[in-house]
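Here the structure comes first, spelled out in structure tokens, and everything after it is commentary.
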Amino acid sequence: MPTYKARLDSKLPHAGTSIFAVMSKLALENGAINLSQGYPDFPTSPRLIELVHKAMITGHNQYAPMPGIFSLREAIAEKLDRLYGTQYDPDTEITVTAGATQAIFTAIAATVRKDDEVILFAPAYDSYAPSIEANGGIPVEIEMELPSFTIDWQKVKQSINERTRMILINTPHNPTGSVLSDQDMQQLRDLTANSSIIILSDEVYEHMIYDGQKHNSVARYPDLADRSFLVASFGKTFHNTGWKMGYCAAPHELMKEFRKIHQFNVFSVNHPMQKAISIYLKDPENYEYLPGFFEAKRNVFLEALEGSRFSFIPSKGTYFQLLGYQEISDEGDMELASRMTREHKVASIPVSAFYQNKTDNKFLRFCFAKSEETLLRGAEILRTL
Ligand code: PMP
Ligand code: GLN
């Protein structure tokens, strides 16, 4: 076995294996119902698979253009205009990426320098802080306010200084299922007006928003769109997280820098899948059903939990539901999630994993992007605890 013998200072000394990989592995080893990692247990569209196959057969098998095929960028621009009323130029303002994770890393690598501060809100998706740190930046974590995981904008104001380069937002929010309101967006506009702060807006759950609410994309607000990288994921939208396809939209001054990193990191993204999605995305019916579809799943899960000792506020967006277990156990969330997987055969994600200092508010996250049968079986076990 080769062994590196010289000294190596890790760029990410605190990074371990992602909690999603850990819990999915534990679920598999224990034959548990896996409501941990966020992915559907139902198939992607057969039509979309057919379109990928056709693209392969018709020879779309070599490198795609660096920013993505034009027809896909055009379809993305049309969708952004249709839904949020902002016109992005497909030529200079949209880049197709290998999933949202890559888009997030690239946006940070393109703009955050050594000792720049990036404000983020905890609990925060696990890739944010390492992406900032790997690029020399400093994550400034602001904890969201219980019980509904809202942002205290006064705290944000106090955290902004001349080193603040970026504010990273995520709505609908993983893992809490909270969403940013019109008032939140107004606060963000007020706080960033006349500054050079860039916003990185993670909107991978844009179509998973419930109870008749509208998704507050940065693209709805011209002054925010002017300073934002908007990141989206086809994996989330089209039930194929394994395809790792997504995109970034930003004003061309920002996108120019984004592409400098993108071209030397990824260069270009899977060609046949781009071709297929470019056709599939043109039909709004392929995403307009999503809020109703996932809201029904949330409701099945929550109704099946009736009578359980877990506490909850119904998820407003994403395909995640937090359950509080204060009434059930004094254990740490990590310990409980692991024990529930081993002993009760239902896997979840301990929310402390989304805080840099592992704050434990006694919540577990459950993914409801699952078949009704899986949700009912999972809830049946949870009711017994
Ligand atoms: N951001 C958030 C908030 C997520 O939950 C996910 C889910 N995986 C991602 C980004 C990454 O998306 P992708 O799989 O397209 O890289
Ligand atoms: N976004 C998914 C989740 O929150 C997992 C993605 C991953 O495993 N990296 O569960």
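Chain identifiers are assigned as A, B, and so on, following the order in which chains appear in the structure tokens; residues are numbered from 1 within each chain, and ligands are numbered from 1 in order of appearance.
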Step by step, measure atom-to-atom distances between ligand 2 and each residue using only C-alpha atoms and all ligand atoms, keep those at most 10 Å, then write them as a ChimeraX atom specification.
/A:18-24,35-39,100-101,124-127,173-175,204-205,235-236,241-242,318-320,348-349,354,365-367
Using only C-alpha atoms, determine which residues lie at most 10 Å from Gly246 in chain A, disregarding the query and same-chain residues fewer than 5 positions distant; provide the list as an MDAnalysis selection string.
chainID A and resid 95:103 204 231:237 241 269 274
Can I get the selected residues back with N, CA, C and O atoms, as a JSON list (two decimals), in the first residue's frame?
```json
[["chain", "number", "residue", "atom", "x", "y", "z"],
["A", 95, "THR", "N", -24.88, 28.95, -16.36],
["A", 95, "THR", "CA", -23.93, 27.85, -16.59],
["A", 95, "THR", "C", -24.53, 26.57, -16.02],
["A", 95, "THR", "O", -25.04, 26.56, -14.90],
["A", 96, "VAL", "N", -24.45, 25.51, -16.81],
["A", 96, "VAL", "CA", -24.92, 24.20, -16.37],
["A", 96, "VAL", "C", -23.80, 23.55, -15.55],
["A", 96, "VAL", "O", -22.63, 23.59, -15.94],
["A", 97, "THR", "N", -24.19, 22.97, -14.39],
["A", 97, "THR", "CA", -23.17, 22.43, -13.48],
["A", 97, "THR", "C", -23.47, 20.96, -13.15],
["A", 97, "THR", "O", -24.56, 20.48, -13.38],
["A", 98, "ALA", "N", -22.47, 20.34, -12.58],
["A", 98, "ALA", "CA", -22.64, 18.94, -12.14],
["A", 98, "ALA", "C", -23.31, 18.95, -10.76],
["A", 98, "ALA", "O", -22.70, 18.65, -9.74],
["A", 99, "GLY", "N", -24.56, 19.35, -10.74],
["A", 99, "GLY", "CA", -25.30, 19.44, -9.48],
["A", 99, "GLY", "C", -25.11, 20.79, -8.81],
["A", 99, "GLY", "O", -24.26, 21.60, -9.21],
["A", 100, "ALA", "N", -25.94, 21.00, -7.77],
["A", 100, "ALA", "CA", -25.88, 22.28, -7.06],
["A", 100, "ALA", "C", -24.62, 22.37, -6.19],
["A", 100, "ALA", "O", -24.06, 23.45, -6.02],
["A", 101, "THR", "N", -24.16, 21.24, -5.68],
["A", 101, "THR", "CA", -22.98, 21.26, -4.80],
["A", 101, "THR", "C", -21.79, 21.87, -5.53],
["A", 101, "THR", "O", -21.05, 22.68, -4.98],
["A", 102, "GLN", "N", -21.62, 21.46, -6.80],
["A", 102, "GLN", "CA", -20.51, 22.01, -7.57],
["A", 102, "GLN", "C", -20.72, 23.51, -7.84],
["A", 102, "GLN", "O", -19.77, 24.30, -7.79],
["A", 103, "ALA", "N", -21.96, 23.89, -8.10],
["A", 103, "ALA", "CA", -22.24, 25.31, -8.36],
["A", 103, "ALA", "C", -21.92, 26.15, -7.12],
["A", 103, "ALA", "O", -21.34, 27.24, -7.23],
["A", 204, "VAL", "N", -32.38, 24.92, -4.34],
["A", 204, "VAL", "CA", -32.58, 23.59, -4.91],
["A", 204, "VAL", "C", -33.99, 23.05, -4.64],
["A", 204, "VAL", "O", -34.46, 22.18, -5.37],
["A", 231, "VAL", "N", -28.60, 29.24, -7.40],
["A", 231, "VAL", "CA", -28.19, 27.85, -7.66],
["A", 231, "VAL", "C", -29.40, 26.92, -7.60],
["A", 231, "VAL", "O", -30.23, 27.02, -6.69],
["A", 232, "ALA", "N", -29.52, 26.02, -8.60],
["A", 232, "ALA", "CA", -30.64, 25.08, -8.64],
["A", 232, "ALA", "C", -30.15, 23.68, -8.99],
["A", 232, "ALA", "O", -29.03, 23.52, -9.49],
["A", 233, "SER", "N", -31.02, 22.69, -8.74],
["A", 233, "SER", "CA", -30.61, 21.29, -8.94],
["A", 233, "SER", "C", -31.68, 20.52, -9.71],
["A", 233, "SER", "O", -32.82, 20.41, -9.25],
["A", 234, "PHE", "N", -31.31, 19.98, -10.87],
["A", 234, "PHE", "CA", -32.26, 19.13, -11.60],
["A", 234, "PHE", "C", -32.48, 17.81, -10.87],
["A", 234, "PHE", "O", -33.52, 17.19, -10.99],
["A", 235, "GLY", "N", -31.47, 17.38, -10.15],
["A", 235, "GLY", "CA", -31.58, 16.13, -9.38],
["A", 235, "GLY", "C", -32.75, 16.18, -8.43],
["A", 235, "GLY", "O", -33.51, 15.22, -8.29],
["A", 236, "LYS", "N", -32.91, 17.33, -7.75],
["A", 236, "LYS", "CA", -34.03, 17.49, -6.81],
["A", 236, "LYS", "C", -35.34, 17.62, -7.57],
["A", 236, "LYS", "O", -36.35, 17.04, -7.20],
["A", 237, "THR", "N", -35.33, 18.41, -8.64],
["A", 237, "THR", "CA", -36.56, 18.73, -9.35],
["A", 237, "THR", "C", -37.12, 17.52, -10.11],
["A", 237, "THR", "O", -38.32, 17.31, -10.15],
["A", 241, "THR", "N", -31.39, 12.38, -8.24],
["A", 241, "THR", "CA", -30.24, 13.00, -7.56],
["A", 241, "THR", "C", -28.91, 12.38, -8.03],
["A", 241, "THR", "O", -27.88, 13.03, -7.99],
["A", 269, "VAL", "N", -20.29, 19.59, -18.55],
["A", 269, "VAL", "CA", -21.12, 18.62, -17.83],
["A", 269, "VAL", "C", -21.75, 17.62, -18.80],
["A", 269, "VAL", "O", -21.97, 17.95, -19.98],
["A", 274, "GLN", "N", -27.83, 16.72, -20.60],
["A", 274, "GLN", "CA", -28.18, 18.12, -20.90],
["A", 274, "GLN", "C", -29.19, 18.18, -22.04],
["A", 274, "GLN", "O", -30.15, 18.94, -22.01]]
```
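Each of A:Ile108, A:Glu203, A:Ile76, A:Ser10 was compared to Tyr88 in chain A using only C-alpha atoms, and A:Ile76 turns out to be the nearest.
Proximity to Ser201 in chain A at 8 Å, evaluated using only C-alpha atoms and with sequence-adjacent residues fewer than 5 positions away removed, yields Leu168, Ile169, Asn170, Thr171, Ser217, Val218, Ser228, Phe229, Leu230 and Val231 of chain A.
Distances from A:Ala353, A:Met1, A:Met56, A:Val300 to Leu375 in chain A were compared using only C-alpha atoms, and the smallest one belongs to A:Val300.
Nearest-residue note for ligand 1: choosing from A:Glu380, A:Glu206, A:Glu29, A:Asp182, the minimum distance belongs to A:Glu206, counting only C-alpha atoms and all ligand atoms.
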Please identify all polymer residues within 8 Å of Asp41 in chain A, counting only C-alpha atoms, omitting same-chain residues fewer than 4 positions from it, and present them as a ChimeraX atom specification.
/A:369-371
Could you turn the residues from that selection into a file that holds all heavy atoms, as a short mmCIF file (atom, residue, chain, number, x, y, z; two decimals), in the first residue's frame?
```cif
data_model
loop_
_atom_site.label_atom_id
_atom_site.label_comp_id
_atom_site.auth_asym_id
_atom_site.auth_seq_id
_atom_site.Cartn_x
_atom_site.Cartn_y
_atom_site.Cartn_z
N ALA A 369 -39.68 12.26 0.74
CA ALA A 369 -39.71 11.99 -0.70
C ALA A 369 -39.73 10.48 -0.91
O ALA A 369 -38.80 9.90 -1.51
CB ALA A 369 -38.50 12.62 -1.38
N LYS A 370 -40.75 9.86 -0.38
CA LYS A 370 -40.80 8.40 -0.36
C LYS A 370 -42.20 7.95 -0.76
O LYS A 370 -43.17 8.72 -0.68
CB LYS A 370 -40.49 7.87 1.05
CG LYS A 370 -39.17 8.36 1.63
CD LYS A 370 -37.95 7.81 0.92
CE LYS A 370 -36.68 8.52 1.37
NZ LYS A 370 -35.50 8.21 0.57
N SER A 371 -42.32 6.67 -1.13
CA SER A 371 -43.63 6.13 -1.49
C SER A 371 -44.52 6.16 -0.25
O SER A 371 -44.03 6.16 0.89
CB SER A 371 -43.48 4.69 -1.97
OG SER A 371 -43.10 3.88 -0.88
#
```
DSSP-assigned strand (DSSP E) members of range 109-333 of chain A, reported as a PyMOL selection string
chain A and resi 117-122+138-143+164-170+198-202+228-233+246-249+320-324
For the residues selected in the previous step, produce a file with N, CA and C atoms as a compact mmCIF listing (two decimals), in the first residue's frame.
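Saved result, part_23.txt, follows:
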```
# COMPACT_ATOMS: atom_id res chain seq x y z
N GLU A 117 -15.13 37.01 4.94
CA GLU A 117 -16.16 36.36 5.76
C GLU A 117 -17.41 36.06 4.94
N VAL A 118 -17.98 34.91 5.23
CA VAL A 118 -19.22 34.50 4.57
C VAL A 118 -20.25 34.19 5.66
N ILE A 119 -21.35 34.93 5.64
CA ILE A 119 -22.40 34.70 6.64
C ILE A 119 -23.30 33.57 6.16
N LEU A 120 -23.52 32.61 7.06
CA LEU A 120 -24.45 31.52 6.74
C LEU A 120 -25.32 31.24 7.95
N PHE A 121 -26.42 30.53 7.71
CA PHE A 121 -27.42 30.35 8.77
C PHE A 121 -27.51 28.88 9.16
N ALA A 122 -27.32 28.65 10.46
CA ALA A 122 -27.34 27.26 10.95
C ALA A 122 -28.69 26.95 11.58
N ILE A 138 -13.78 32.60 5.82
CA ILE A 138 -14.17 32.32 7.20
C ILE A 138 -15.70 32.23 7.28
N PRO A 139 -16.24 31.04 7.63
CA PRO A 139 -17.69 30.94 7.79
C PRO A 139 -18.13 31.65 9.07
N VAL A 140 -19.10 32.55 8.94
CA VAL A 140 -19.65 33.24 10.12
C VAL A 140 -21.07 32.70 10.29
N GLU A 141 -21.21 31.80 11.26
CA GLU A 141 -22.47 31.07 11.38
C GLU A 141 -23.42 31.79 12.33
N ILE A 142 -24.63 32.07 11.85
CA ILE A 142 -25.66 32.66 12.71
C ILE A 142 -26.74 31.60 12.92
N GLU A 143 -27.02 31.30 14.19
CA GLU A 143 -28.02 30.26 14.44
C GLU A 143 -29.42 30.83 14.24
N THR A 164 -17.02 41.23 5.16
CA THR A 164 -18.14 40.38 4.72
C THR A 164 -18.20 40.38 3.19
N ARG A 165 -17.93 39.22 2.61
CA ARG A 165 -17.91 39.12 1.15
C ARG A 165 -19.21 38.56 0.61
N MET A 166 -19.83 37.69 1.42
CA MET A 166 -20.96 36.94 0.89
C MET A 166 -21.95 36.60 2.01
N ILE A 167 -23.24 36.54 1.64
CA ILE A 167 -24.26 35.97 2.52
C ILE A 167 -24.86 34.79 1.77
N LEU A 168 -24.90 33.66 2.45
CA LEU A 168 -25.38 32.43 1.81
C LEU A 168 -26.77 32.10 2.36
N ILE A 169 -27.77 32.13 1.49
CA ILE A 169 -29.13 31.81 1.95
C ILE A 169 -29.62 30.52 1.28
N ASN A 170 -30.60 29.90 1.89
CA ASN A 170 -31.16 28.66 1.37
C ASN A 170 -32.66 28.65 1.68
N ILE A 198 -21.96 39.86 -1.93
CA ILE A 198 -22.55 38.95 -2.92
C ILE A 198 -23.48 38.01 -2.18
N ILE A 199 -24.58 37.65 -2.83
CA ILE A 199 -25.49 36.67 -2.22
C ILE A 199 -25.38 35.36 -3.00
N LEU A 200 -25.24 34.29 -2.25
CA LEU A 200 -25.29 32.96 -2.87
C LEU A 200 -26.61 32.36 -2.40
N SER A 201 -27.52 32.15 -3.36
CA SER A 201 -28.87 31.71 -3.01
C SER A 201 -29.09 30.27 -3.47
N ASP A 202 -29.13 29.38 -2.49
CA ASP A 202 -29.32 27.96 -2.77
C ASP A 202 -30.82 27.69 -2.84
N SER A 228 -26.47 38.39 -6.99
CA SER A 228 -26.63 36.99 -6.55
C SER A 228 -26.17 35.94 -7.55
N PHE A 229 -25.65 34.87 -6.97
CA PHE A 229 -25.54 33.59 -7.68
C PHE A 229 -26.77 32.79 -7.27
N LEU A 230 -27.60 32.42 -8.22
CA LEU A 230 -28.78 31.60 -7.93
C LEU A 230 -28.43 30.16 -8.34
N VAL A 231 -28.60 29.24 -7.40
CA VAL A 231 -28.19 27.85 -7.66
C VAL A 231 -29.40 26.92 -7.60
N ALA A 232 -29.52 26.02 -8.60
CA ALA A 232 -30.64 25.08 -8.64
C ALA A 232 -30.15 23.68 -8.99
N SER A 233 -31.02 22.69 -8.74
CA SER A 233 -30.61 21.29 -8.94
C SER A 233 -31.68 20.52 -9.71
N GLY A 246 -27.28 20.38 -12.45
CA GLY A 246 -27.86 21.60 -11.89
C GLY A 246 -27.40 22.81 -12.69
N TYR A 247 -27.62 23.98 -12.13
CA TYR A 247 -27.14 25.17 -12.84
C TYR A 247 -26.97 26.34 -11.89
N CYS A 248 -26.28 27.36 -12.43
CA CYS A 248 -26.10 28.61 -11.71
C CYS A 248 -26.48 29.74 -12.65
N ALA A 249 -27.22 30.72 -12.14
CA ALA A 249 -27.56 31.92 -12.91
C ALA A 249 -27.05 33.13 -12.12
N PHE A 320 -38.28 17.67 3.58
CA PHE A 320 -37.86 17.24 4.91
C PHE A 320 -38.84 17.71 5.98
N GLN A 321 -38.99 16.88 7.01
CA GLN A 321 -39.82 17.23 8.16
C GLN A 321 -38.98 17.04 9.42
N LEU A 322 -38.89 18.09 10.23
CA LEU A 322 -38.22 17.94 11.52
C LEU A 322 -39.22 17.39 12.54
N LEU A 323 -38.73 16.49 13.37
CA LEU A 323 -39.53 16.02 14.50
C LEU A 323 -38.73 16.26 15.78
N GLY A 324 -39.39 16.89 16.76
CA GLY A 324 -38.74 17.13 18.04
C GLY A 324 -38.99 15.95 18.97
```
Run DSSP on the backbone and tell me which residues of range 95-320 of chain A come out as alpha helix (DSSP H); list them as a PyMOL selection string.
chain A and resi 99-111+128-134+153-159+182-192+222-225+234-237+252-265+271-280+285-288+290-304
Please, could you write that set of residues out with C-alpha atoms as a PDB file, in the first residue's frame?
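That gives us again-v6.pdb:
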```
ATOM      1  CA  GLY A  99     -25.303  19.444  -9.480  1.00  0.00           C
ATOM      2  CA  ALA A 100     -25.882  22.277  -7.055  1.00  0.00           C
ATOM      3  CA  THR A 101     -22.982  21.257  -4.797  1.00  0.00           C
ATOM      4  CA  GLN A 102     -20.515  22.011  -7.574  1.00  0.00           C
ATOM      5  CA  ALA A 103     -22.239  25.306  -8.359  1.00  0.00           C
ATOM      6  CA  ILE A 104     -22.009  26.345  -4.703  1.00  0.00           C
ATOM      7  CA  PHE A 105     -18.321  25.447  -4.472  1.00  0.00           C
ATOM      8  CA  THR A 106     -17.553  27.196  -7.766  1.00  0.00           C
ATOM      9  CA  ALA A 107     -19.390  30.407  -6.815  1.00  0.00           C
ATOM     10  CA  ILE A 108     -17.434  30.535  -3.557  1.00  0.00           C
ATOM     11  CA  ALA A 109     -14.090  29.673  -5.196  1.00  0.00           C
ATOM     12  CA  ALA A 110     -14.681  32.413  -7.774  1.00  0.00           C
ATOM     13  CA  THR A 111     -15.339  35.216  -5.300  1.00  0.00           C
ATOM     14  CA  TYR A 128     -21.265  25.263   2.808  1.00  0.00           C
ATOM     15  CA  ALA A 129     -18.656  25.729   5.548  1.00  0.00           C
ATOM     16  CA  PRO A 130     -16.056  23.345   4.034  1.00  0.00           C
ATOM     17  CA  SER A 131     -16.447  25.056   0.643  1.00  0.00           C
ATOM     18  CA  ILE A 132     -15.758  28.420   2.292  1.00  0.00           C
ATOM     19  CA  GLU A 133     -12.821  27.101   4.331  1.00  0.00           C
ATOM     20  CA  ALA A 134     -11.200  25.251   1.435  1.00  0.00           C
ATOM     21  CA  TRP A 153     -31.838  40.108  10.967  1.00  0.00           C
ATOM     22  CA  GLN A 154     -30.545  42.233  13.815  1.00  0.00           C
ATOM     23  CA  LYS A 155     -27.890  39.547  14.353  1.00  0.00           C
ATOM     24  CA  VAL A 156     -27.079  39.606  10.657  1.00  0.00           C
ATOM     25  CA  LYS A 157     -26.678  43.375  10.752  1.00  0.00           C
ATOM     26  CA  GLN A 158     -24.308  43.073  13.715  1.00  0.00           C
ATOM     27  CA  SER A 159     -22.231  40.449  11.893  1.00  0.00           C
ATOM     28  CA  ASP A 182     -41.327  38.723   1.822  1.00  0.00           C
ATOM     29  CA  GLN A 183     -40.204  40.496   5.012  1.00  0.00           C
ATOM     30  CA  ASP A 184     -37.017  38.399   5.141  1.00  0.00           C
ATOM     31  CA  MET A 185     -36.215  39.299   1.559  1.00  0.00           C
ATOM     32  CA  GLN A 186     -36.835  42.973   2.337  1.00  0.00           C
ATOM     33  CA  GLN A 187     -34.396  42.774   5.255  1.00  0.00           C
ATOM     34  CA  LEU A 188     -31.815  41.191   2.984  1.00  0.00           C
ATOM     35  CA  ARG A 189     -32.314  43.952   0.424  1.00  0.00           C
ATOM     36  CA  ASP A 190     -31.971  46.671   3.062  1.00  0.00           C
ATOM     37  CA  LEU A 191     -28.870  45.143   4.621  1.00  0.00           C
ATOM     38  CA  THR A 192     -27.016  44.641   1.344  1.00  0.00           C
ATOM     39  CA  PRO A 222     -34.013  42.938  -9.322  1.00  0.00           C
ATOM     40  CA  ASP A 223     -31.692  44.497  -6.723  1.00  0.00           C
ATOM     41  CA  LEU A 224     -30.962  41.069  -5.212  1.00  0.00           C
ATOM     42  CA  ALA A 225     -30.633  39.370  -8.607  1.00  0.00           C
ATOM     43  CA  PHE A 234     -32.263  19.131 -11.604  1.00  0.00           C
ATOM     44  CA  GLY A 235     -31.575  16.131  -9.384  1.00  0.00           C
ATOM     45  CA  LYS A 236     -34.025  17.493  -6.812  1.00  0.00           C
ATOM     46  CA  THR A 237     -36.564  18.727  -9.352  1.00  0.00           C
ATOM     47  CA  HIS A 252     -22.590  38.374 -16.328  1.00  0.00           C
ATOM     48  CA  GLU A 253     -19.910  40.133 -14.251  1.00  0.00           C
ATOM     49  CA  LEU A 254     -20.263  37.403 -11.623  1.00  0.00           C
ATOM     50  CA  MET A 255     -20.812  34.612 -14.136  1.00  0.00           C
ATOM     51  CA  LYS A 256     -17.599  35.551 -15.959  1.00  0.00           C
ATOM     52  CA  GLU A 257     -15.629  34.785 -12.802  1.00  0.00           C
ATOM     53  CA  PHE A 258     -17.714  31.668 -12.090  1.00  0.00           C
ATOM     54  CA  ARG A 259     -16.858  30.249 -15.500  1.00  0.00           C
ATOM     55  CA  LYS A 260     -13.131  30.833 -14.997  1.00  0.00           C
ATOM     56  CA  ILE A 261     -13.227  28.358 -12.133  1.00  0.00           C
ATOM     57  CA  HIS A 262     -15.790  26.061 -13.768  1.00  0.00           C
ATOM     58  CA  GLN A 263     -13.738  25.573 -16.917  1.00  0.00           C
ATOM     59  CA  PHE A 264     -10.641  24.445 -15.035  1.00  0.00           C
ATOM     60  CA  ASN A 265     -12.465  22.313 -12.531  1.00  0.00           C
ATOM     61  CA  HIS A 271     -23.794  15.972 -22.592  1.00  0.00           C
ATOM     62  CA  PRO A 272     -26.671  13.483 -23.229  1.00  0.00           C
ATOM     63  CA  MET A 273     -28.393  14.444 -19.990  1.00  0.00           C
ATOM     64  CA  GLN A 274     -28.182  18.119 -20.896  1.00  0.00           C
ATOM     65  CA  LYS A 275     -29.786  17.355 -24.231  1.00  0.00           C
ATOM     66  CA  ALA A 276     -32.612  15.418 -22.566  1.00  0.00           C
ATOM     67  CA  ILE A 277     -33.276  18.013 -19.868  1.00  0.00           C
ATOM     68  CA  SER A 278     -33.261  20.824 -22.444  1.00  0.00           C
ATOM     69  CA  ILE A 279     -36.348  19.216 -24.010  1.00  0.00           C
ATOM     70  CA  TYR A 280     -38.040  18.083 -20.796  1.00  0.00           C
ATOM     71  CA  GLU A 285     -46.110  20.558 -16.542  1.00  0.00           C
ATOM     72  CA  ASN A 286     -42.946  18.651 -15.709  1.00  0.00           C
ATOM     73  CA  TYR A 287     -42.355  20.793 -12.618  1.00  0.00           C
ATOM     74  CA  GLU A 288     -45.628  22.591 -11.880  1.00  0.00           C
ATOM     75  CA  LEU A 290     -44.324  19.270  -7.657  1.00  0.00           C
ATOM     76  CA  PRO A 291     -45.696  21.423  -4.799  1.00  0.00           C
ATOM     77  CA  GLY A 292     -48.965  19.455  -4.737  1.00  0.00           C
ATOM     78  CA  PHE A 293     -47.190  16.137  -5.174  1.00  0.00           C
ATOM     79  CA  PHE A 294     -44.826  16.644  -2.238  1.00  0.00           C
ATOM     80  CA  GLU A 295     -47.388  18.431  -0.068  1.00  0.00           C
ATOM     81  CA  ALA A 296     -49.540  15.288  -0.302  1.00  0.00           C
ATOM     82  CA  LYS A 297     -46.551  13.206   0.857  1.00  0.00           C
ATOM     83  CA  ARG A 298     -45.917  15.544   3.769  1.00  0.00           C
ATOM     84  CA  ASN A 299     -49.570  15.259   4.763  1.00  0.00           C
ATOM     85  CA  VAL A 300     -49.564  11.461   4.557  1.00  0.00           C
ATOM     86  CA  PHE A 301     -46.514  11.372   6.833  1.00  0.00           C
ATOM     87  CA  LEU A 302     -47.863  13.872   9.352  1.00  0.00           C
ATOM     88  CA  GLU A 303     -51.349  12.355   9.474  1.00  0.00           C
ATOM     89  CA  ALA A 304     -49.808   8.949  10.062  1.00  0.00           C
TER      90      ALA A 304
END
```
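Going from CA of Ile381 in chain A to CA of Gly31 in chain A covers 13.8 Å.
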Find the residue from A:Asp81, A:Asp9, A:Glu162, A:Asp360 that sits nearest to Glu331 in chain A; use only C-alpha atoms when measuring.
A:Asp360
Restricting the calculation to only C-alpha atoms: of A:Ala55, A:Val346, A:Ile160, A:Ile94, which residue gets closest to Glu74 in chain A?
A:Ile94
Nearest to ligand 1: which of A:Lys244, A:Lys54, A:Arg73, A:His215 is it, counting only C-alpha atoms and all ligand atoms?
A:Lys244
What's around Gly85 in chain A at 10 Å? Count only C-alpha atoms, leave out sequence neighbours fewer than 5 positions away in its own chain, and write the answer as a PDB file with N, CA, C and O atoms, in the first residue's frame.
```pdb
ATOM      1  N   GLU A  78     -35.740  30.750 -19.925  1.00  0.00           N
ATOM      2  CA  GLU A  78     -37.201  30.890 -20.122  1.00  0.00           C
ATOM      3  C   GLU A  78     -37.938  30.585 -18.817  1.00  0.00           C
ATOM      4  O   GLU A  78     -38.887  31.266 -18.444  1.00  0.00           O
ATOM      5  N   LYS A  79     -37.481  29.540 -18.147  1.00  0.00           N
ATOM      6  CA  LYS A  79     -38.139  29.140 -16.898  1.00  0.00           C
ATOM      7  C   LYS A  79     -37.966  30.225 -15.821  1.00  0.00           C
ATOM      8  O   LYS A  79     -38.916  30.586 -15.119  1.00  0.00           O
ATOM      9  N   LEU A  80     -36.764  30.771 -15.710  1.00  0.00           N
ATOM     10  CA  LEU A  80     -36.512  31.798 -14.693  1.00  0.00           C
ATOM     11  C   LEU A  80     -37.359  33.040 -14.962  1.00  0.00           C
ATOM     12  O   LEU A  80     -37.886  33.666 -14.041  1.00  0.00           O
ATOM     13  N   ALA A 219     -34.361  35.941  -7.769  1.00  0.00           N
ATOM     14  CA  ALA A 219     -34.684  36.446  -9.104  1.00  0.00           C
ATOM     15  C   ALA A 219     -36.000  37.224  -9.143  1.00  0.00           C
ATOM     16  O   ALA A 219     -36.323  37.851 -10.145  1.00  0.00           O
ATOM     17  N   ARG A 220     -36.760  37.198  -8.048  1.00  0.00           N
ATOM     18  CA  ARG A 220     -37.967  38.033  -7.994  1.00  0.00           C
ATOM     19  C   ARG A 220     -37.631  39.489  -7.683  1.00  0.00           C
ATOM     20  O   ARG A 220     -38.484  40.363  -7.795  1.00  0.00           O
ATOM     21  N   TYR A 221     -36.422  39.729  -7.184  1.00  0.00           N
ATOM     22  CA  TYR A 221     -36.049  41.058  -6.697  1.00  0.00           C
ATOM     23  C   TYR A 221     -34.859  41.574  -7.509  1.00  0.00           C
ATOM     24  O   TYR A 221     -33.725  41.130  -7.295  1.00  0.00           O
ATOM     25  N   PRO A 222     -35.099  42.503  -8.437  1.00  0.00           N
ATOM     26  CA  PRO A 222     -34.013  42.938  -9.322  1.00  0.00           C
ATOM     27  C   PRO A 222     -32.745  43.356  -8.570  1.00  0.00           C
ATOM     28  O   PRO A 222     -31.642  43.024  -8.998  1.00  0.00           O
TER      29      PRO A 222
END
```
Near Pro147 in chain A, counting only C-alpha atoms, which residues have an atom at most 12 Å away, once you skip same-chain residues fewer than 4 positions from it, shown as a PDB file with C-alpha atoms, in the first residue's frame?
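This went into selection-v7.pdb:
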```pdb
ATOM      1  CA  GLU A 143     -28.023  30.256  14.443  1.00  0.00           C
ATOM      2  CA  ILE A 151     -33.526  34.569  10.878  1.00  0.00           C
ATOM      3  CA  THR A 176     -35.695  22.750   8.817  1.00  0.00           C
ATOM      4  CA  SER A 178     -38.620  26.867   6.817  1.00  0.00           C
ATOM      5  CA  SER A 311     -43.575  17.256  18.183  1.00  0.00           C
ATOM      6  CA  PHE A 312     -43.586  19.124  14.892  1.00  0.00           C
ATOM      7  CA  ILE A 313     -44.416  22.245  12.940  1.00  0.00           C
ATOM      8  CA  PRO A 314     -45.471  21.152   9.416  1.00  0.00           C
ATOM      9  CA  LEU A 322     -38.222  17.941  11.523  1.00  0.00           C
ATOM     10  CA  LEU A 323     -39.529  16.017  14.500  1.00  0.00           C
ATOM     11  CA  GLY A 324     -38.739  17.133  18.045  1.00  0.00           C
ATOM     12  CA  ASN A 361     -31.904  21.214  19.955  1.00  0.00           C
ATOM     13  CA  LYS A 362     -33.281  17.656  19.991  1.00  0.00           C
ATOM     14  CA  PHE A 363     -34.600  17.423  16.463  1.00  0.00           C
TER      15      PHE A 363
END
```
